[in-house]
>>> print(open('upload-v9.txt').read())   # compact mmCIF, C-alpha atoms
# COMPACT_ATOMS: atom_id res chain seq x y z
CA MET A 1 54.68 31.77 -37.54
CA VAL A 2 53.69 35.33 -36.71
CA ILE A 3 54.91 37.99 -34.34
CA ARG A 4 52.23 38.88 -31.86
CA MET A 5 50.40 42.02 -32.83
CA GLY A 6 48.16 44.23 -30.69
CA GLY A 7 44.96 43.02 -32.32
CA PRO A 8 41.52 44.04 -31.19
CA ILE A 9 40.13 42.51 -28.04
CA MET A 10 36.50 41.68 -28.00
CA ARG A 11 34.08 39.34 -26.36
CA VAL A 12 34.94 35.72 -26.89
CA PRO A 13 33.01 34.23 -29.83
CA ALA A 14 31.28 30.95 -29.17
CA PRO A 15 33.71 28.78 -31.22
CA LEU A 16 36.59 29.96 -29.06
CA VAL A 17 35.03 29.14 -25.72
CA HIS A 18 36.73 26.10 -24.25
CA ARG A 19 36.29 24.00 -21.22
CA GLY A 20 38.50 25.08 -18.33
CA LEU A 21 39.77 28.61 -17.92
CA LEU A 22 38.10 30.03 -20.98
CA SER A 23 34.60 28.93 -20.21
CA ARG A 24 31.99 31.66 -20.54
CA ARG A 25 31.76 32.08 -16.78
CA SER A 26 35.44 31.95 -15.92
CA PHE A 27 36.62 34.14 -18.79
CA SER A 28 34.46 37.04 -17.64
CA LYS A 29 35.64 36.36 -14.11
CA HIS A 30 39.36 36.23 -14.81
CA ALA A 31 39.92 38.54 -17.78
CA TRP A 32 38.55 41.99 -18.36
CA VAL A 33 38.42 42.70 -22.05
CA CYS A 34 37.59 45.82 -24.03
CA ASP A 35 34.66 46.09 -26.36
CA LYS A 36 35.01 47.48 -29.85
CA LEU A 37 34.86 51.23 -29.96
CA PRO A 38 31.41 52.70 -30.54
CA SER A 39 30.56 53.36 -34.15
CA GLY A 40 31.80 56.78 -35.23
CA ALA A 41 34.45 56.96 -32.47
CA PRO A 42 37.14 59.40 -33.62
CA ARG A 43 40.09 57.01 -33.50
CA ALA A 44 41.76 58.41 -36.62
CA LYS A 45 41.59 61.97 -35.23
CA GLN A 46 42.74 61.05 -31.75
CA PHE A 47 45.80 59.03 -32.69
CA PRO A 48 48.55 59.61 -35.29
CA ALA A 49 48.26 57.25 -38.25
CA SER A 50 51.88 56.07 -37.84
CA PHE A 51 51.00 54.98 -34.30
CA VAL A 52 47.68 53.30 -35.09
CA VAL A 53 49.16 51.33 -38.04
CA PRO A 54 52.91 51.16 -37.29
CA THR A 55 53.57 48.49 -39.91
CA ALA A 56 52.65 51.01 -42.61
CA VAL A 57 55.86 52.93 -41.83
CA PRO A 58 58.43 51.81 -44.46
CA LYS A 59 61.28 51.42 -41.96
CA MET A 60 59.24 49.19 -39.67
CA SER A 61 57.87 47.23 -42.59
CA GLN A 62 61.42 46.52 -43.71
CA MET A 63 62.40 45.47 -40.17
CA ALA A 64 59.52 43.00 -40.13
CA ARG A 65 60.72 41.47 -43.39
CA ASP A 66 64.30 41.28 -42.13
CA GLU A 67 63.23 39.49 -38.95
CA ALA A 68 60.98 37.02 -40.78
CA ALA A 69 63.87 34.90 -42.06
CA HIS A 70 65.34 34.56 -38.57
CA ARG A 71 61.99 33.61 -37.06
CA GLN A 72 61.49 31.03 -39.79
CA LYS A 73 64.85 29.58 -38.84
CA ILE A 74 63.74 29.36 -35.20
CA LEU A 75 60.64 27.44 -36.26
CA GLY A 76 62.85 25.05 -38.17
CA ILE A 77 64.99 24.56 -35.06
CA LEU A 78 61.90 23.78 -32.98
CA ASN A 79 60.70 21.23 -35.53
CA SER A 80 64.12 19.56 -35.71
CA MET A 81 64.15 18.92 -31.95
CA LYS A 82 61.56 16.13 -32.44
CA LEU A 83 59.71 17.02 -29.26
CA PRO A 84 56.47 15.22 -28.34
CA LYS A 85 53.18 16.84 -29.30
CA TYR A 86 52.62 20.31 -27.84
CA ASN A 87 49.75 22.78 -28.02
CA TYR A 88 51.46 26.15 -28.14
CA ALA A 89 55.00 27.52 -28.53
CA PHE A 90 56.64 30.92 -28.65
CA ALA A 91 60.18 32.32 -28.66
CA TYR A 92 61.42 35.40 -26.86
CA GLY A 93 64.55 37.18 -25.69
CA SER A 94 67.76 38.45 -27.26
CA GLY A 95 68.10 35.35 -29.43
CA VAL A 96 64.94 36.45 -31.25
CA PHE A 97 64.80 40.22 -30.74
CA SER A 98 68.10 41.97 -30.19
CA GLN A 99 68.38 43.60 -26.74
CA THR A 100 71.61 45.47 -27.46
CA THR A 101 73.78 46.17 -30.45
CA LYS A 102 76.29 43.84 -28.80
CA ALA A 103 73.73 41.09 -28.15
CA LYS A 104 75.30 38.76 -30.70
CA ALA A 105 78.76 39.10 -29.22
CA VAL A 106 78.55 39.08 -25.40
CA GLY A 107 81.26 36.68 -24.30
CA GLY A 108 82.01 35.90 -27.94
CA THR A 109 78.95 33.69 -28.36
CA ALA A 110 75.49 34.22 -29.77
CA PRO A 111 72.65 34.39 -27.20
CA MET A 112 70.54 31.34 -26.52
CA ILE A 113 67.22 31.06 -28.28
CA ASP A 114 64.59 31.02 -25.53
CA MET A 115 61.34 29.15 -26.10
CA VAL A 116 58.28 28.24 -24.06
CA ILE A 117 56.17 25.19 -24.92
CA ALA A 118 52.69 24.60 -23.50
CA VAL A 119 51.49 21.00 -23.31
CA GLN A 120 48.34 19.26 -22.13
CA GLU A 121 49.89 17.02 -19.45
CA PRO A 122 53.53 17.86 -18.54
CA ALA A 123 54.37 14.64 -16.65
CA HIS A 124 53.27 12.46 -19.56
CA TRP A 125 55.00 14.80 -22.01
CA HIS A 126 58.30 14.57 -20.10
CA ALA A 127 58.04 10.79 -19.99
CA MET A 128 57.83 10.67 -23.79
CA ASN A 129 60.54 13.31 -24.22
CA MET A 130 62.92 11.39 -21.96
CA ARG A 131 62.72 8.50 -24.41
CA THR A 132 63.22 10.72 -27.46
CA ASN A 133 65.70 13.23 -25.99
CA PRO A 134 67.22 11.66 -22.85
CA HIS A 135 70.22 14.03 -23.03
CA HIS A 136 67.87 16.94 -22.24
CA TYR A 137 67.51 15.66 -18.65
CA PRO A 138 69.97 14.95 -15.80
CA TRP A 139 70.29 11.30 -14.86
CA TRP A 140 68.41 11.70 -11.57
CA ALA A 141 65.33 13.13 -13.31
CA ARG A 142 65.24 10.04 -15.53
CA LEU A 143 65.86 7.76 -12.54
CA PHE A 144 63.15 9.09 -10.22
CA GLY A 145 60.46 8.93 -12.88
CA SER A 146 57.13 10.62 -13.42
CA TRP A 147 56.14 11.24 -9.79
CA ALA A 148 59.24 13.36 -9.20
CA VAL A 149 58.75 15.12 -12.54
CA ARG A 150 55.18 15.98 -11.64
CA ALA A 151 56.13 17.30 -8.19
CA THR A 152 59.01 19.37 -9.56
CA GLN A 153 56.96 20.73 -12.45
CA ASN A 154 54.36 22.12 -10.04
CA MET A 155 56.90 23.99 -7.90
CA GLY A 156 57.54 27.71 -8.26
CA ALA A 157 56.21 29.10 -11.52
CA LYS A 158 55.24 25.60 -12.77
CA MET A 159 57.83 25.78 -15.54
CA TRP A 160 60.44 23.11 -16.36
CA TYR A 161 63.44 24.68 -18.13
CA VAL A 162 66.01 22.79 -20.19
CA PRO A 163 68.95 25.08 -21.11
CA TYR A 164 71.92 24.60 -23.44
CA VAL A 165 70.44 22.18 -25.92
CA GLN A 166 72.58 22.08 -29.06
CA VAL A 167 70.35 22.13 -32.15
CA GLN A 168 72.02 22.53 -35.52
CA ASP A 169 74.38 25.50 -35.02
CA GLU A 170 72.28 27.14 -32.29
CA ILE A 171 71.95 26.84 -28.50
CA VAL A 172 68.36 26.54 -27.26
CA LYS A 173 66.73 26.87 -23.86
CA TYR A 174 63.13 25.72 -23.69
CA GLY A 175 60.59 25.77 -20.89
CA VAL A 176 57.65 23.41 -20.54
CA ILE A 177 54.41 24.46 -18.86
CA SER A 178 50.90 23.06 -18.85
CA LEU A 179 48.37 24.80 -21.06
CA GLU A 180 46.09 25.36 -18.06
CA ASP A 181 48.87 26.96 -15.99
CA LEU A 182 49.87 29.18 -18.91
CA CYS A 183 46.34 30.52 -19.34
CA GLU A 184 45.89 30.89 -15.58
CA ASP A 185 48.98 33.09 -15.30
CA LEU A 186 48.07 35.13 -18.38
CA LEU A 187 44.56 35.81 -17.10
CA CYS A 188 45.10 36.09 -13.35
CA TRP A 189 48.80 36.91 -12.79
CA ASN A 190 49.22 34.27 -10.11
CA THR A 191 53.02 34.15 -10.64
CA LEU A 192 53.76 36.78 -13.33
CA TYR A 193 56.47 34.42 -14.59
CA VAL A 194 55.41 33.35 -18.06
CA SER A 195 52.91 36.21 -18.32
CA GLY A 196 55.73 38.66 -17.56
CA ARG A 197 57.79 37.26 -20.41
CA MET A 198 54.83 37.91 -22.67
CA HIS A 199 54.76 41.58 -21.69
CA LYS A 200 57.71 41.88 -24.06
CA PRO A 201 57.73 41.09 -27.79
CA ILE A 202 57.42 37.41 -28.60
CA ALA A 203 57.43 35.37 -31.78
CA ARG A 204 54.54 32.92 -31.86
CA LEU A 205 55.81 29.68 -33.36
CA PHE A 206 52.83 27.33 -33.07
CA ASP A 207 49.23 27.52 -31.90
CA ALA A 208 46.88 24.55 -31.76
CA THR A 209 44.61 26.03 -29.07
CA ASN A 210 41.96 27.39 -31.47
CA GLY A 211 42.74 30.92 -30.31
CA ARG A 212 42.56 30.19 -26.59
CA VAL A 213 46.09 31.34 -25.74
CA PRO A 214 46.13 34.37 -28.08
CA ILE A 215 42.95 35.67 -26.42
CA ALA A 216 44.53 35.18 -22.98
CA GLU A 217 47.68 36.94 -24.27
CA GLN A 218 45.66 40.01 -25.15
CA ALA A 219 44.02 40.05 -21.71
CA ASN A 220 47.49 39.76 -20.16
CA LEU A 221 48.91 42.64 -22.17
CA THR A 222 45.86 44.81 -21.45
CA SER A 223 46.36 44.16 -17.72
CA ALA A 224 50.02 45.17 -18.07
CA LEU A 225 49.12 48.43 -19.82
CA ARG A 226 46.53 49.30 -17.18
CA THR A 227 49.00 48.56 -14.37
CA ALA A 228 51.74 50.62 -16.00
CA LEU A 229 49.38 53.56 -16.53
CA LEU A 230 48.44 53.56 -12.85
CA LEU A 231 52.15 53.88 -12.02
CA LEU A 232 52.83 56.66 -14.53
CA PRO A 233 52.14 60.41 -14.17
CA GLU A 234 49.66 62.39 -16.23
CA GLU A 235 52.18 63.02 -19.03
CA PHE A 236 54.82 60.55 -20.17
CA SER A 237 56.62 59.33 -23.26
CA GLU A 238 55.97 56.23 -25.31
CA LYS A 239 59.25 54.77 -24.03
CA ASP A 240 58.22 55.47 -20.43
CA LEU A 241 55.14 53.32 -20.96
CA TYR A 242 57.12 50.45 -22.45
CA TYR A 243 59.77 50.72 -19.70
CA MET A 244 57.06 50.39 -17.09
CA VAL A 245 55.33 47.47 -18.85
CA SER A 246 58.65 45.63 -19.23
CA SER A 247 59.71 46.19 -15.63
CA LEU A 248 56.58 44.81 -13.95
CA SER A 249 57.72 41.17 -13.93
CA TYR A 250 61.14 42.15 -12.52
CA LEU A 251 59.70 43.83 -9.42
CA GLY A 252 60.56 41.50 -6.56
CA ASP A 253 62.83 39.29 -8.70
CA PHE A 254 65.89 38.68 -6.52
CA ARG A 255 68.08 38.26 -9.62
CA MET A 256 67.81 42.00 -10.31
CA SER A 257 69.47 42.88 -7.00
CA VAL A 258 72.20 40.27 -6.43
CA PRO A 259 75.71 40.30 -7.97
CA GLY A 260 75.82 37.91 -10.89
CA GLY A 261 72.06 38.12 -11.41
CA GLU A 262 70.30 39.86 -14.27
CA ASN A 263 71.90 42.70 -16.20
CA ARG A 264 70.62 45.83 -14.45
CA ASN A 265 70.26 47.54 -17.83
CA LYS A 266 68.09 44.72 -19.11
CA VAL A 267 64.80 46.62 -19.23
CA LYS A 268 66.44 49.62 -20.89
CA ASN A 269 68.15 47.38 -23.43
CA ILE A 270 64.93 45.57 -24.25
CA VAL A 271 62.91 48.74 -24.85
CA GLU A 272 65.60 50.76 -26.63
CA ASN A 273 66.30 48.01 -29.13
CA GLN A 274 62.79 46.60 -29.52
CA LEU A 275 60.78 49.82 -29.61
CA PRO A 276 59.18 49.10 -33.01
CA TRP A 277 58.01 45.69 -31.80
CA PHE A 278 56.50 47.20 -28.65
CA ARG A 279 54.59 49.67 -30.80
CA ILE A 280 53.32 46.92 -33.08
CA MET A 281 52.35 44.88 -30.04
CA CYS A 282 50.65 47.61 -27.99
CA ALA A 283 49.39 50.35 -30.30
CA ASP A 284 45.95 48.95 -31.03
CA LEU A 285 45.29 48.17 -27.37
CA ILE A 286 46.37 51.66 -26.34
CA THR A 287 43.89 53.22 -28.76
CA ARG A 288 41.13 51.24 -27.06
CA LEU A 289 41.94 52.69 -23.64
CA ARG A 290 39.90 55.81 -24.24
CA PHE A 291 41.49 57.83 -21.41
CA VAL A 292 44.94 57.74 -23.08
CA HIS A 293 45.94 60.26 -25.77
CA VAL A 294 48.92 60.19 -28.13
CA ARG A 295 50.69 62.87 -30.13
CA PRO A 296 53.91 62.89 -32.22
CA ALA A 297 57.13 63.99 -30.51
CA ASP A 298 60.43 63.93 -32.42
CA ASP A 299 60.96 60.35 -33.66
CA SER A 300 58.59 58.88 -31.07
CA PHE A 301 55.30 59.82 -29.37
CA SER A 302 54.29 61.57 -26.19
CA MET A 303 51.24 60.50 -24.21
CA TRP A 304 48.94 61.84 -21.56
CA GLN A 305 46.13 60.26 -19.61
CA ASP A 306 43.12 61.22 -17.57
CA ILE A 307 44.18 60.84 -13.93
CA SER A 308 40.86 61.77 -12.34
CA PRO A 309 39.86 59.55 -9.40
CA GLN A 310 36.91 58.26 -11.42
CA THR A 311 39.11 57.04 -14.26
CA ARG A 312 41.83 55.60 -11.99
CA ALA A 313 39.21 53.73 -9.97
CA THR A 314 37.85 52.23 -13.18
CA VAL A 315 41.32 51.18 -14.32
CA ALA A 316 42.23 49.69 -10.93
CA ALA A 317 39.01 47.69 -10.83
CA ASN A 318 39.99 46.15 -14.18
CA LEU A 319 43.45 44.90 -13.23
CA ALA A 320 44.36 41.19 -13.39
CA ARG A 321 42.25 39.25 -10.93
CA ASP A 322 44.95 38.09 -8.48
CA LEU A 323 46.51 41.55 -8.34
CA ARG A 324 43.09 43.07 -7.63
CA LEU A 325 42.55 40.56 -4.86
CA ARG A 326 45.95 41.36 -3.36
CA LEU A 327 45.14 45.08 -3.41
CA VAL A 328 41.77 44.50 -1.74
CA LYS A 329 43.42 42.54 1.09
CA HIS A 330 46.20 45.13 1.36
CA PHE A 331 43.84 48.02 2.06
CA LEU A 332 41.33 46.08 4.16
CA GLN A 333 44.24 45.27 6.48
CA ARG A 334 44.82 49.02 6.93
CA PRO A 335 41.49 50.32 8.30
CA GLN A 336 43.18 53.46 9.66
CA LEU A 337 43.61 54.81 6.11
CA HIS A 338 39.94 55.36 5.33
CA PRO A 339 36.58 54.95 7.14
CA LEU A 340 35.33 52.70 4.35
CA PHE A 341 38.26 50.31 4.85
CA LYS A 342 37.38 50.09 8.53
CA GLU A 343 33.74 49.46 7.70
CA LEU A 344 34.63 46.68 5.26
CA GLN A 345 37.57 45.06 7.07
CA ASP A 346 35.54 41.92 7.85
CA THR A 347 34.04 41.73 4.36
CA ASP A 348 34.89 38.86 2.03
CA PRO A 349 37.48 40.34 -0.42
CA GLU A 350 35.74 38.61 -3.31
CA VAL A 351 32.75 40.92 -2.83
CA LEU A 352 34.92 43.88 -3.79
CA ILE A 353 36.13 42.35 -7.05
CA PRO A 354 33.62 43.10 -9.81
CA GLU A 355 32.55 39.96 -11.63
CA LYS A 356 31.25 41.50 -14.86
CA PRO A 357 33.12 43.84 -17.20
CA GLU A 358 29.94 45.90 -17.54
CA SER A 359 30.04 46.91 -13.88
CA VAL A 360 33.12 49.11 -14.34
CA HIS A 361 34.24 49.94 -17.86
CA GLU A 362 36.34 52.64 -19.52
CA ASN A 363 33.64 53.45 -22.06
CA MET A 364 30.80 53.60 -19.57
CA PRO A 365 30.01 56.76 -17.58
CA ILE A 366 29.93 55.85 -13.89
CA ASP A 367 29.08 57.99 -10.89
CA LEU A 368 32.09 57.64 -8.61
CA SER A 369 31.46 60.83 -6.66
CA TYR A 370 30.45 59.11 -3.45
CA SER A 371 32.41 59.90 -0.30
CA HIS A 372 31.83 57.99 2.91
CA GLY A 373 29.24 59.53 5.16
CA GLU A 374 27.12 61.31 2.55
CA ASP A 375 23.42 60.68 2.44
CA SER A 376 22.29 59.53 -0.99
CA ASP A 377 19.32 57.65 -2.27
CA GLN A 378 21.37 56.29 -5.19
CA LEU A 379 24.73 55.16 -3.87
CA PRO A 380 27.09 53.50 -6.36
CA PRO A 381 27.93 49.82 -5.93
CA LEU A 382 30.07 48.90 -2.95
CA ALA A 383 33.00 47.85 -5.13
CA THR A 384 32.94 51.20 -6.92
CA ARG A 385 33.08 53.12 -3.63
CA PHE A 386 35.93 50.93 -2.46
CA TRP A 387 38.11 51.41 -5.55
CA LEU A 388 37.54 55.15 -5.53
CA ALA A 389 38.83 55.25 -1.96
CA VAL A 390 41.79 53.04 -2.87
CA VAL A 391 43.14 55.10 -5.76
CA GLN A 392 42.95 58.31 -3.73
CA GLN A 393 45.34 56.97 -1.11
CA GLU A 394 48.82 58.50 -1.25
CA THR A 395 50.24 55.01 -0.72
CA PHE A 396 48.39 53.46 -3.68
CA PRO A 397 51.33 53.44 -6.18
CA GLN A 398 53.62 52.04 -3.49
CA ALA A 399 51.02 49.39 -2.57
CA LEU A 400 50.62 48.43 -6.22
CA ARG A 401 54.38 47.92 -6.62
CA GLU A 402 54.55 46.04 -3.35
CA GLU A 403 51.81 43.58 -4.27
CA ILE A 404 53.36 42.97 -7.71
CA SER A 405 56.70 42.30 -5.97
CA LYS A 406 55.07 39.79 -3.65
CA THR A 407 53.54 38.03 -6.66
CA VAL A 408 56.90 37.74 -8.41
CA ARG A 409 59.27 37.07 -5.52
CA GLY A 410 58.36 33.56 -4.38
CA PRO A 411 57.89 31.87 -7.79
CA ALA A 412 61.02 33.51 -9.24
CA PHE A 413 63.19 32.35 -6.32
CA MET A 414 61.80 28.81 -6.32
CA GLN A 415 62.14 28.59 -10.10
CA SER A 416 65.85 29.41 -9.83
CA LEU A 417 66.38 26.79 -7.14
CA LYS A 418 64.58 24.06 -9.04
CA GLY A 419 66.77 24.72 -12.07
CA LEU A 420 69.49 22.71 -10.29
CA TYR A 421 67.19 19.68 -10.52
CA THR A 422 65.68 20.19 -13.97
CA ALA A 423 68.82 21.35 -15.77
CA GLY A 424 71.54 19.56 -13.84
CA ILE A 425 74.51 21.04 -12.01
CA GLY A 426 76.74 21.42 -15.07
CA ARG A 427 74.17 23.28 -17.15
CA SER A 428 73.09 25.37 -14.15
CA LEU A 429 76.68 26.50 -13.50
CA ARG A 430 77.10 27.30 -17.17
CA TYR A 431 73.89 29.32 -17.11
CA LEU A 432 75.00 31.16 -13.96
CA TRP A 433 78.34 32.00 -15.57
CA SER A 434 76.51 33.39 -18.59
CA LYS A 435 74.36 35.57 -16.34
CA MET A 436 77.43 36.83 -14.50
CA ARG A 437 79.03 37.90 -17.79
CA LYS A 438 75.88 39.80 -18.73
CA PHE A 439 75.80 41.36 -15.26
CA ARG A 440 79.39 42.61 -15.64
CA GLN A 441 78.61 43.85 -19.14
CA GLY A 442 75.69 45.81 -17.70
CA GLN A 443 77.98 47.39 -15.10
CA LYS A 444 80.40 48.47 -17.85
CA ASP A 445 77.57 49.93 -19.92
CA SER A 446 76.34 51.86 -16.88
>>> encode(input="upload-v9.txt", output="C-alpha cells")
Amino acid sequence: MVIRMGGPIMRVPAPLVHRGLLSRRSFSKHAWVCDKLPSGAPRAKQFPASFVVPTAVPKMSQMARDEAAHRQKILGILNSMKLPKYNYAFAYGSGVFSQTTKAKAVGGTAPMIDMVIAVQEPAHWHAMNMRTNPHHYPWWARLFGSWAVRATQNMGAKMWYVPYVQVQDEIVKYGVISLEDLCEDLLCWNTLYVSGRMHKPIARLFDATNGRVPIAEQANLTSALRTALLLLPEEFSEKDLYYMVSSLSYLGDFRMSVPGGENRNKVKNIVENQLPWFRIMCADLITRLRFVHVRPADDSFSMWQDISPQTRATVAANLARDLRLRLVKHFLQRPQLHPLFKELQDTDPEVLIPEKPESVHENMPIDLSYSHGEDSDQLPPLATRFWLAVVQQETFPQALREEISKTVRGPAFMQSLKGLYTAGIGRSLRYLWSKMRKFRQGQKDS
C-alpha cells in the first residue's frame, strides 16, 4: 500500500491504454495531461528543493514512517472483511489522516475508517457480498434483490455506502462504485463526489487496474489545481492553494449549510493537519504548471502566478471536461456580456471544447491577442478566442464557483437520501448523530 504521491503526468504509454474510458481517443478527450518539462528546464532553480522533494525533509520522512504502520493496519482490516473481488481500493478521512488534534476523541470514540472500493459490476458484486456479509445490508435490500440494487447504485453519485461495520476493534464505512463510474468522475467531474474526496490525501490500498485509476487520479488532481488557481489572486500562500483545492467538492453541498451537517471548520482542519501530505501529493504537479512560482516563507511557501488573460484562457480551456462544458453553456446563454458570445450563441458547445491537448497548452506559446472585430489574416482558433473572452469577464470567478456548485448539489443531496436505503434507518440515524456532534464541535472551535 502506498500513499498517493504527486508523480509526473505524461502521455499514456501503450500498455496502460484500456478499453473504455482510457482508450487513446477518449483519454485525450476527457483528460488534459501535462508533458514532461523540456530538457534543460530550470526546475531546480525555480522551486525550493524542500518543495520539489518534500519527503527529503527529515520531519516529513519521519511522519511517513509513523503513518505506515497505521496504513498497514487498515489494509489488514480490508483483507479481513472477506469482500468479493474488487479492482481498486483507497482509504481517506480522519480515520487515516488526522483532521484535528482531537480527531481521535470526538464524542469519546475514534473516527470511522472511510474506504472506497471500485468493482467491475456493482450489482453482481453486491449479490455475492450479501451472501458473505449479509449484516452489511438492511433486510429490504436483501429482499428486493439485484434489480433494486442496480437501480439504487446508479442514483446520485453512483456510490453505495455501508457505514458502521465492526471489523476487529475498528469501525469501517465503505463505499462501492463501478470502476467505469470512478474513472468517469475523475476525468470529467460529472458529480465531483468521489473525485472530490481524492482532492485530499488518500491512502491507496489496492490497485489491480494496471495503472488506469492512478493515471485518472493525476488528471483529477491536475484539474483541481487548475480550478483553484483560477479562483486565487496573483499572490497567495501554499495553504491558500490547498484550502481552495479542498473546498471545491463542498461548493453546493447542502450539508455544509444546514444545522447538523458537516463541521464548518472541516476544510481548515483537513489542510492544517494534513499539510505535509498535501505537499507530497501536489508538489510535483505544481512544478509542471509553468506559470506558477514558489518561494520559501517562514515554515511554509508563498506562491504567485501569471494572471495574464493569455495564461488564464489556457488554464480554463484545460479544466475537467464537464466543467468546461458547463462554462461554455453558461456564457453562451449570456450573449449580452460579449459580442463573441452573441455570435456563437447558436453554436454547438462541443465545438468550443478543444479536443487535443496540443491545441492549448501551458508550455506552448499561443497568440491570444484577438479581440472581436479586428481584421486579421491569421485569427486564432475559435475556441481560443472564446476562452480569452470568458476569462476577461468580471463574472468569471463567480460563474466558475456557480457551475461547480451545480455539479455537486444534485448528486450530494441524492446520495444522502439514498443512504436511508443502503445503510438502513438505524445506521443512518447513528451516522446523522455523529455528524451533529462534529457540527457542534466545529461551532465550539469557531
>>> atom_distance(input="upload-v9.txt", atom1="atom CA of Arg204 of chain A", atom2="atom CA of Pro48 of chain A")
27.6 Å
>>> closest_atom_pairs(input="upload-v9.txt", of="segment 53-90 of chain A", to="segment 207-231 of chain A", cutoff="9 Å", atoms="only C-alpha atoms", output="JSON lines")
{"residue": "A:Tyr86", "atom": "CA", "partner": "A:Ala208", "partner_atom": "CA", "distance": 8.1}
{"residue": "A:Asn87", "atom": "CA", "partner": "A:Ala208", "partner_atom": "CA", "distance": 5.0}
{"residue": "A:Tyr88", "atom": "CA", "partner": "A:Asp207", "partner_atom": "CA", "distance": 4.6}
{"residue": "A:Ala89", "atom": "CA", "partner": "A:Asp207", "partner_atom": "CA", "distance": 6.7}
{"residue": "A:Phe90", "atom": "CA", "partner": "A:Asp207", "partner_atom": "CA", "distance": 8.8}
>>> atom_distance(input="upload-v9.txt", atom1="atom CA of Ser300 of chain A", atom2="atom CA of Ser249 of chain A")
24.7 Å
>>> closest_residue(input="upload-v9.txt", among="A:Leu187, A:Arg150, A:Lys239, A:Leu205", to="Val96 of chain A", atoms="only C-alpha atoms")
A:Leu205
>>> atom_distance(input="upload-v9.txt", atom1="atom CA of Tyr174 of chain A", atom2="atom CA of Val162 of chain A")
5.4 Å
>>> axis_aligned_box(input="upload-v9.txt", around="segment 142-150 of chain A", padding_each_side="3 Å", output="lines of an AutoDock Vina configuration file")
center_x = 60.5
center_y = 11.9
center_z = -12.4
size_x = 16.7
size_y = 14.2
size_z = 12.3
>>> closest_residue(input="upload-v9.txt", among="A:Cys282, A:Ile202, A:Met81, A:Ala317", to="Phe97 of chain A", atoms="only C-alpha atoms")
A:Ile202
>>> closest_residue(input="upload-v9.txt", among="A:Ala389, A:Asp299, A:Asn79, A:Ser308", to="Leu344 of chain A", atoms="only C-alpha atoms")
A:Ala389
>>> closest_residue(input="upload-v9.txt", among="A:Gln120, A:Ser80, A:Gln398, A:Ser302", to="Glu235 of chain A", atoms="all atoms listed in the file")
A:Ser302
>>> closest_residue(input="upload-v9.txt", among="A:Asp346, A:Asp185, A:Leu143, A:Ala64", to="Met159 of chain A", atoms="all atoms listed in the file")
A:Asp185
>>> closest_residue(input="upload-v9.txt", among="A:Ala148, A:Val292, A:Met115, A:Ile77", to="Val176 of chain A", atoms="all atoms listed in the file")
A:Met115
>>> residues_around(input="upload-v9.txt", residues="Ile177 of chain A", least_positions_apart="6", cutoff="8 Å", atoms="all atoms listed in the file", output="PyMOL selection string")
chain A and resi 116-119+122+153+158-160
